[in-house]
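Novice: One structure follows; several queries about it will come next.
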Amino acid sequence: MNRMNVVCLGVRDMARSIRFYRDGLGFQTDETSDHPDVIFFSTPGTILELYPLRLLAEDIDPRNPPAIGSGFGGITLAYNVRTKEEVIETVELARRAGAVIVKEPQDVFWGGFHAYFADPDGYYWEVAWGPRSKFDERDMLIV
């Protein structure tokens with residue numbers, strides 16, 4: 001088991017989250033409705049799925065769903081870019097889409113340049129550039 005096919009984000013308001021990801025950030029999907037039961041965004045390597053948070057908790061355990069909390073859940077999503085300028089451009093795109101910019105673009109202790117923003121449900125995204133980062137022909141980060 002050495003791959004991840006889907007990242008599913010449980011969201012409180014599907015229409016709001018679809019506007020953010022599809023219309024604001026430009027994630028690609030064939031879905032045109034603002035109120036589908038579930039939505040999948042096609043990205044190189046891994047699918048991003050949005051699903052109603054309450055239903056996701058009930059899917060995990062219908063008799064005793066996990067508690068829905070707020071705050072930092074100990075996970076971040078990352079978008080790596082090829083240049084420092086792309087960090088700034090991506091943060092501005094997220095800002096226009098309605099993201100909360102949690103950390104403005106800045107140099108980081110490991111020699112890179114990064115920022116953080118939060119989506120409408122409080123999921124944190126890091127946008128990062130690293131001086132030694134390499135990408136394949138599909139723009140996927142090579143580790």
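Chain labels run A, B, ... following the order of the structure tokens; each chain numbers its residues from 1, and ligands are numbered from 1 in the order shown.
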Any idea what's packed within 6 Å of range 62-76 of chain A, counting only C-alpha atoms, ignoring anything in its chain fewer than 4 positions away? Could you give it as a count of residues only?

Specialist: 4

Novice: Counting only C-alpha atoms, what is within 10 Å of Lys84 in chain A, bar same-chain residues fewer than 2 positions away, as an NGL selection string?

Specialist: :A and (81-82 or 86-89 or 105-107 or 112-114 or 127-131)

Novice: Per DSSP on the backbone, filter range 47-143 of chain A down to the residues in helix (DSSP H, G or I) and report them as a list in words.

Specialist: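 Listing helix (DSSP H, G or I) positions across range 47-143 of chain A yields Leu53, Arg54, Leu55, Leu56, Ala57, Glu58, Asp59, Ile60, Lys84, Glu85, Glu86, Val87, Ile88, Glu89, Thr90, Val91, Glu92, Leu93, Ala94, Arg95, Arg96 and Ala97 of chain A.
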
Novice: Okay, now the selection with N, CA and C atoms, as an mmCIF file, in the first residue's frame?

Specialist:
```cif
data_model
loop_
_atom_site.group_PDB
_atom_site.id
_atom_site.type_symbol
_atom_site.label_atom_id
_atom_site.label_comp_id
_atom_site.auth_asym_id
_atom_site.auth_seq_id
_atom_site.Cartn_x
_atom_site.Cartn_y
_atom_site.Cartn_z
ATOM 1 N N LEU A 53 -19.939 16.951 5.272
ATOM 2 C CA LEU A 53 -19.246 16.537 6.482
ATOM 3 C C LEU A 53 -20.087 15.606 7.359
ATOM 4 N N ARG A 54 -21.326 15.955 7.599
ATOM 5 C CA ARG A 54 -22.193 15.132 8.450
ATOM 6 C C ARG A 54 -22.356 13.734 7.855
ATOM 7 N N LEU A 55 -22.552 13.673 6.534
ATOM 8 C CA LEU A 55 -22.727 12.373 5.869
ATOM 9 C C LEU A 55 -21.436 11.562 5.881
ATOM 10 N N LEU A 56 -20.302 12.244 5.800
ATOM 11 C CA LEU A 56 -19.021 11.545 5.860
ATOM 12 C C LEU A 56 -18.841 10.906 7.237
ATOM 13 N N ALA A 57 -19.159 11.639 8.282
ATOM 14 C CA ALA A 57 -19.052 11.086 9.638
ATOM 15 C C ALA A 57 -19.980 9.889 9.793
ATOM 16 N N GLU A 58 -21.195 9.989 9.254
ATOM 17 C CA GLU A 58 -22.146 8.876 9.337
ATOM 18 C C GLU A 58 -21.711 7.687 8.486
ATOM 19 N N ASP A 59 -21.008 7.940 7.393
ATOM 20 C CA ASP A 59 -20.508 6.856 6.551
ATOM 21 C C ASP A 59 -19.427 6.059 7.287
ATOM 22 N N ILE A 60 -18.636 6.747 8.082
ATOM 23 C CA ILE A 60 -17.580 6.079 8.850
ATOM 24 C C ILE A 60 -18.192 5.131 9.883
ATOM 25 N N LYS A 84 9.375 30.961 -6.636
ATOM 26 C CA LYS A 84 8.872 31.785 -5.532
ATOM 27 C C LYS A 84 7.690 32.625 -5.997
ATOM 28 N N GLU A 85 7.776 33.144 -7.211
ATOM 29 C CA GLU A 85 6.705 33.980 -7.748
ATOM 30 C C GLU A 85 5.377 33.233 -7.799
ATOM 31 N N GLU A 86 5.442 31.926 -8.106
ATOM 32 C CA GLU A 86 4.213 31.122 -8.150
ATOM 33 C C GLU A 86 3.574 30.983 -6.770
ATOM 34 N N VAL A 87 4.374 31.016 -5.718
ATOM 35 C CA VAL A 87 3.804 31.001 -4.362
ATOM 36 C C VAL A 87 2.932 32.240 -4.192
ATOM 37 N N ILE A 88 3.461 33.381 -4.552
ATOM 38 C CA ILE A 88 2.730 34.641 -4.412
ATOM 39 C C ILE A 88 1.485 34.635 -5.294
ATOM 40 N N GLU A 89 1.629 34.207 -6.550
ATOM 41 C CA GLU A 89 0.487 34.160 -7.475
ATOM 42 C C GLU A 89 -0.618 33.234 -6.959
ATOM 43 N N THR A 90 -0.232 32.077 -6.422
ATOM 44 C CA THR A 90 -1.215 31.117 -5.926
ATOM 45 C C THR A 90 -1.928 31.649 -4.690
ATOM 46 N N VAL A 91 -1.211 32.299 -3.821
ATOM 47 C CA VAL A 91 -1.831 32.893 -2.630
ATOM 48 C C VAL A 91 -2.819 33.979 -3.042
ATOM 49 N N GLU A 92 -2.488 34.766 -4.031
ATOM 50 C CA GLU A 92 -3.411 35.805 -4.501
ATOM 51 C C GLU A 92 -4.652 35.186 -5.137
ATOM 52 N N LEU A 93 -4.487 34.096 -5.876
ATOM 53 C CA LEU A 93 -5.623 33.374 -6.434
ATOM 54 C C LEU A 93 -6.529 32.873 -5.310
ATOM 55 N N ALA A 94 -5.922 32.281 -4.289
ATOM 56 C CA ALA A 94 -6.696 31.784 -3.143
ATOM 57 C C ALA A 94 -7.410 32.929 -2.428
ATOM 58 N N ARG A 95 -6.732 34.050 -2.276
ATOM 59 C CA ARG A 95 -7.338 35.221 -1.620
ATOM 60 C C ARG A 95 -8.580 35.683 -2.392
ATOM 61 N N ARG A 96 -8.461 35.778 -3.728
ATOM 62 C CA ARG A 96 -9.595 36.192 -4.561
ATOM 63 C C ARG A 96 -10.741 35.183 -4.493
ATOM 64 N N ALA A 97 -10.402 33.906 -4.286
ATOM 65 C CA ALA A 97 -11.422 32.860 -4.203
ATOM 66 C C ALA A 97 -12.125 32.857 -2.846
#
```

Novice: As JSON, numbers by chain, please: every residue in range 56-101 of chain A that DSSP puts in strand (DSSP E or B).

Specialist: {"A": [76, 77, 78, 79, 80, 100, 101]}

Novice: Rounded to one decimal in Å, what is the spacing between CA of Leu50 in chain A and CA of Leu9 in chain A?

Specialist: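 Going from CA of Leu50 in chain A over to CA of Leu9 in chain A, I get 5.1 Å.
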
Novice: Which residues, written as a list of chain:residue names, have at least one atom at most 10 Å from Glu49 in chain A, with only C-alpha atoms counted and residues fewer than 2 positions away on the same chain left out?

Specialist: A:Val6, A:Val7, A:Cys8, A:Leu9, A:Gly10, A:Val11, A:Val38, A:Ile39, A:Phe40, A:Phe41, A:Ser42, A:Thr46, A:Ile47, A:Tyr51

Novice: Convert the current residue selection to file output with N, CA and C atoms, as a PDB file, in the first residue's frame.

Specialist:
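Wrote it out as part-v2.pdb, contents follow:
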```pdb
ATOM      1  N   VAL A   6      -7.489   9.049  -3.448  1.00  0.00           N
ATOM      2  CA  VAL A   6      -8.474  10.110  -3.236  1.00  0.00           C
ATOM      3  C   VAL A   6      -8.222  10.782  -1.893  1.00  0.00           C
ATOM      4  N   VAL A   7      -8.321  12.097  -1.876  1.00  0.00           N
ATOM      5  CA  VAL A   7      -8.378  12.865  -0.639  1.00  0.00           C
ATOM      6  C   VAL A   7      -9.799  13.406  -0.565  1.00  0.00           C
ATOM      7  N   CYS A   8     -10.527  13.008   0.480  1.00  0.00           N
ATOM      8  CA  CYS A   8     -11.916  13.439   0.653  1.00  0.00           C
ATOM      9  C   CYS A   8     -11.974  14.476   1.770  1.00  0.00           C
ATOM     10  N   LEU A   9     -12.515  15.643   1.459  1.00  0.00           N
ATOM     11  CA  LEU A   9     -12.720  16.674   2.466  1.00  0.00           C
ATOM     12  C   LEU A   9     -14.196  16.731   2.812  1.00  0.00           C
ATOM     13  N   GLY A  10     -14.521  16.548   4.064  1.00  0.00           N
ATOM     14  CA  GLY A  10     -15.893  16.716   4.523  1.00  0.00           C
ATOM     15  C   GLY A  10     -16.174  18.202   4.650  1.00  0.00           C
ATOM     16  N   VAL A  11     -17.203  18.678   3.958  1.00  0.00           N
ATOM     17  CA  VAL A  11     -17.478  20.118   3.937  1.00  0.00           C
ATOM     18  C   VAL A  11     -18.855  20.422   4.515  1.00  0.00           C
ATOM     19  N   VAL A  38     -21.994  14.594  -4.194  1.00  0.00           N
ATOM     20  CA  VAL A  38     -20.550  14.467  -4.033  1.00  0.00           C
ATOM     21  C   VAL A  38     -19.920  15.073  -5.279  1.00  0.00           C
ATOM     22  N   ILE A  39     -18.701  15.569  -5.170  1.00  0.00           N
ATOM     23  CA  ILE A  39     -18.011  16.092  -6.344  1.00  0.00           C
ATOM     24  C   ILE A  39     -16.565  15.616  -6.316  1.00  0.00           C
ATOM     25  N   PHE A  40     -16.056  15.266  -7.508  1.00  0.00           N
ATOM     26  CA  PHE A  40     -14.675  14.814  -7.662  1.00  0.00           C
ATOM     27  C   PHE A  40     -13.958  15.785  -8.593  1.00  0.00           C
ATOM     28  N   PHE A  41     -12.756  16.181  -8.189  1.00  0.00           N
ATOM     29  CA  PHE A  41     -11.911  17.039  -9.014  1.00  0.00           C
ATOM     30  C   PHE A  41     -10.738  16.202  -9.495  1.00  0.00           C
ATOM     31  N   SER A  42     -10.498  16.239 -10.786  1.00  0.00           N
ATOM     32  CA  SER A  42      -9.422  15.473 -11.378  1.00  0.00           C
ATOM     33  C   SER A  42      -8.130  16.273 -11.291  1.00  0.00           C
ATOM     34  N   THR A  46      -3.841  12.273  -7.778  1.00  0.00           N
ATOM     35  CA  THR A  46      -4.803  12.030  -6.716  1.00  0.00           C
ATOM     36  C   THR A  46      -6.084  12.802  -7.002  1.00  0.00           C
ATOM     37  N   ILE A  47      -7.215  12.198  -6.715  1.00  0.00           N
ATOM     38  CA  ILE A  47      -8.509  12.850  -6.894  1.00  0.00           C
ATOM     39  C   ILE A  47      -8.842  13.613  -5.619  1.00  0.00           C
ATOM     40  N   TYR A  51     -17.413  16.087   0.061  1.00  0.00           N
ATOM     41  CA  TYR A  51     -18.595  15.325   0.475  1.00  0.00           C
ATOM     42  C   TYR A  51     -19.139  15.991   1.736  1.00  0.00           C
TER      43      TYR A  51
END
```

Novice: Taking only C-alpha atoms into account, name the residue in A:Glu31, A:Glu126, A:Glu104, A:Asp136 that is nearest to Ile18 in chain A.

Specialist: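 The answer is A:Glu31, which sits nearest to Ile18 in chain A.
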
Novice: My list of candidates is A:Gly122, A:Arg3, A:Leu141, A:Gly98. Which is closest to Arg19 in chain A when distances are computed with only C-alpha atoms?

Specialist: A:Gly98
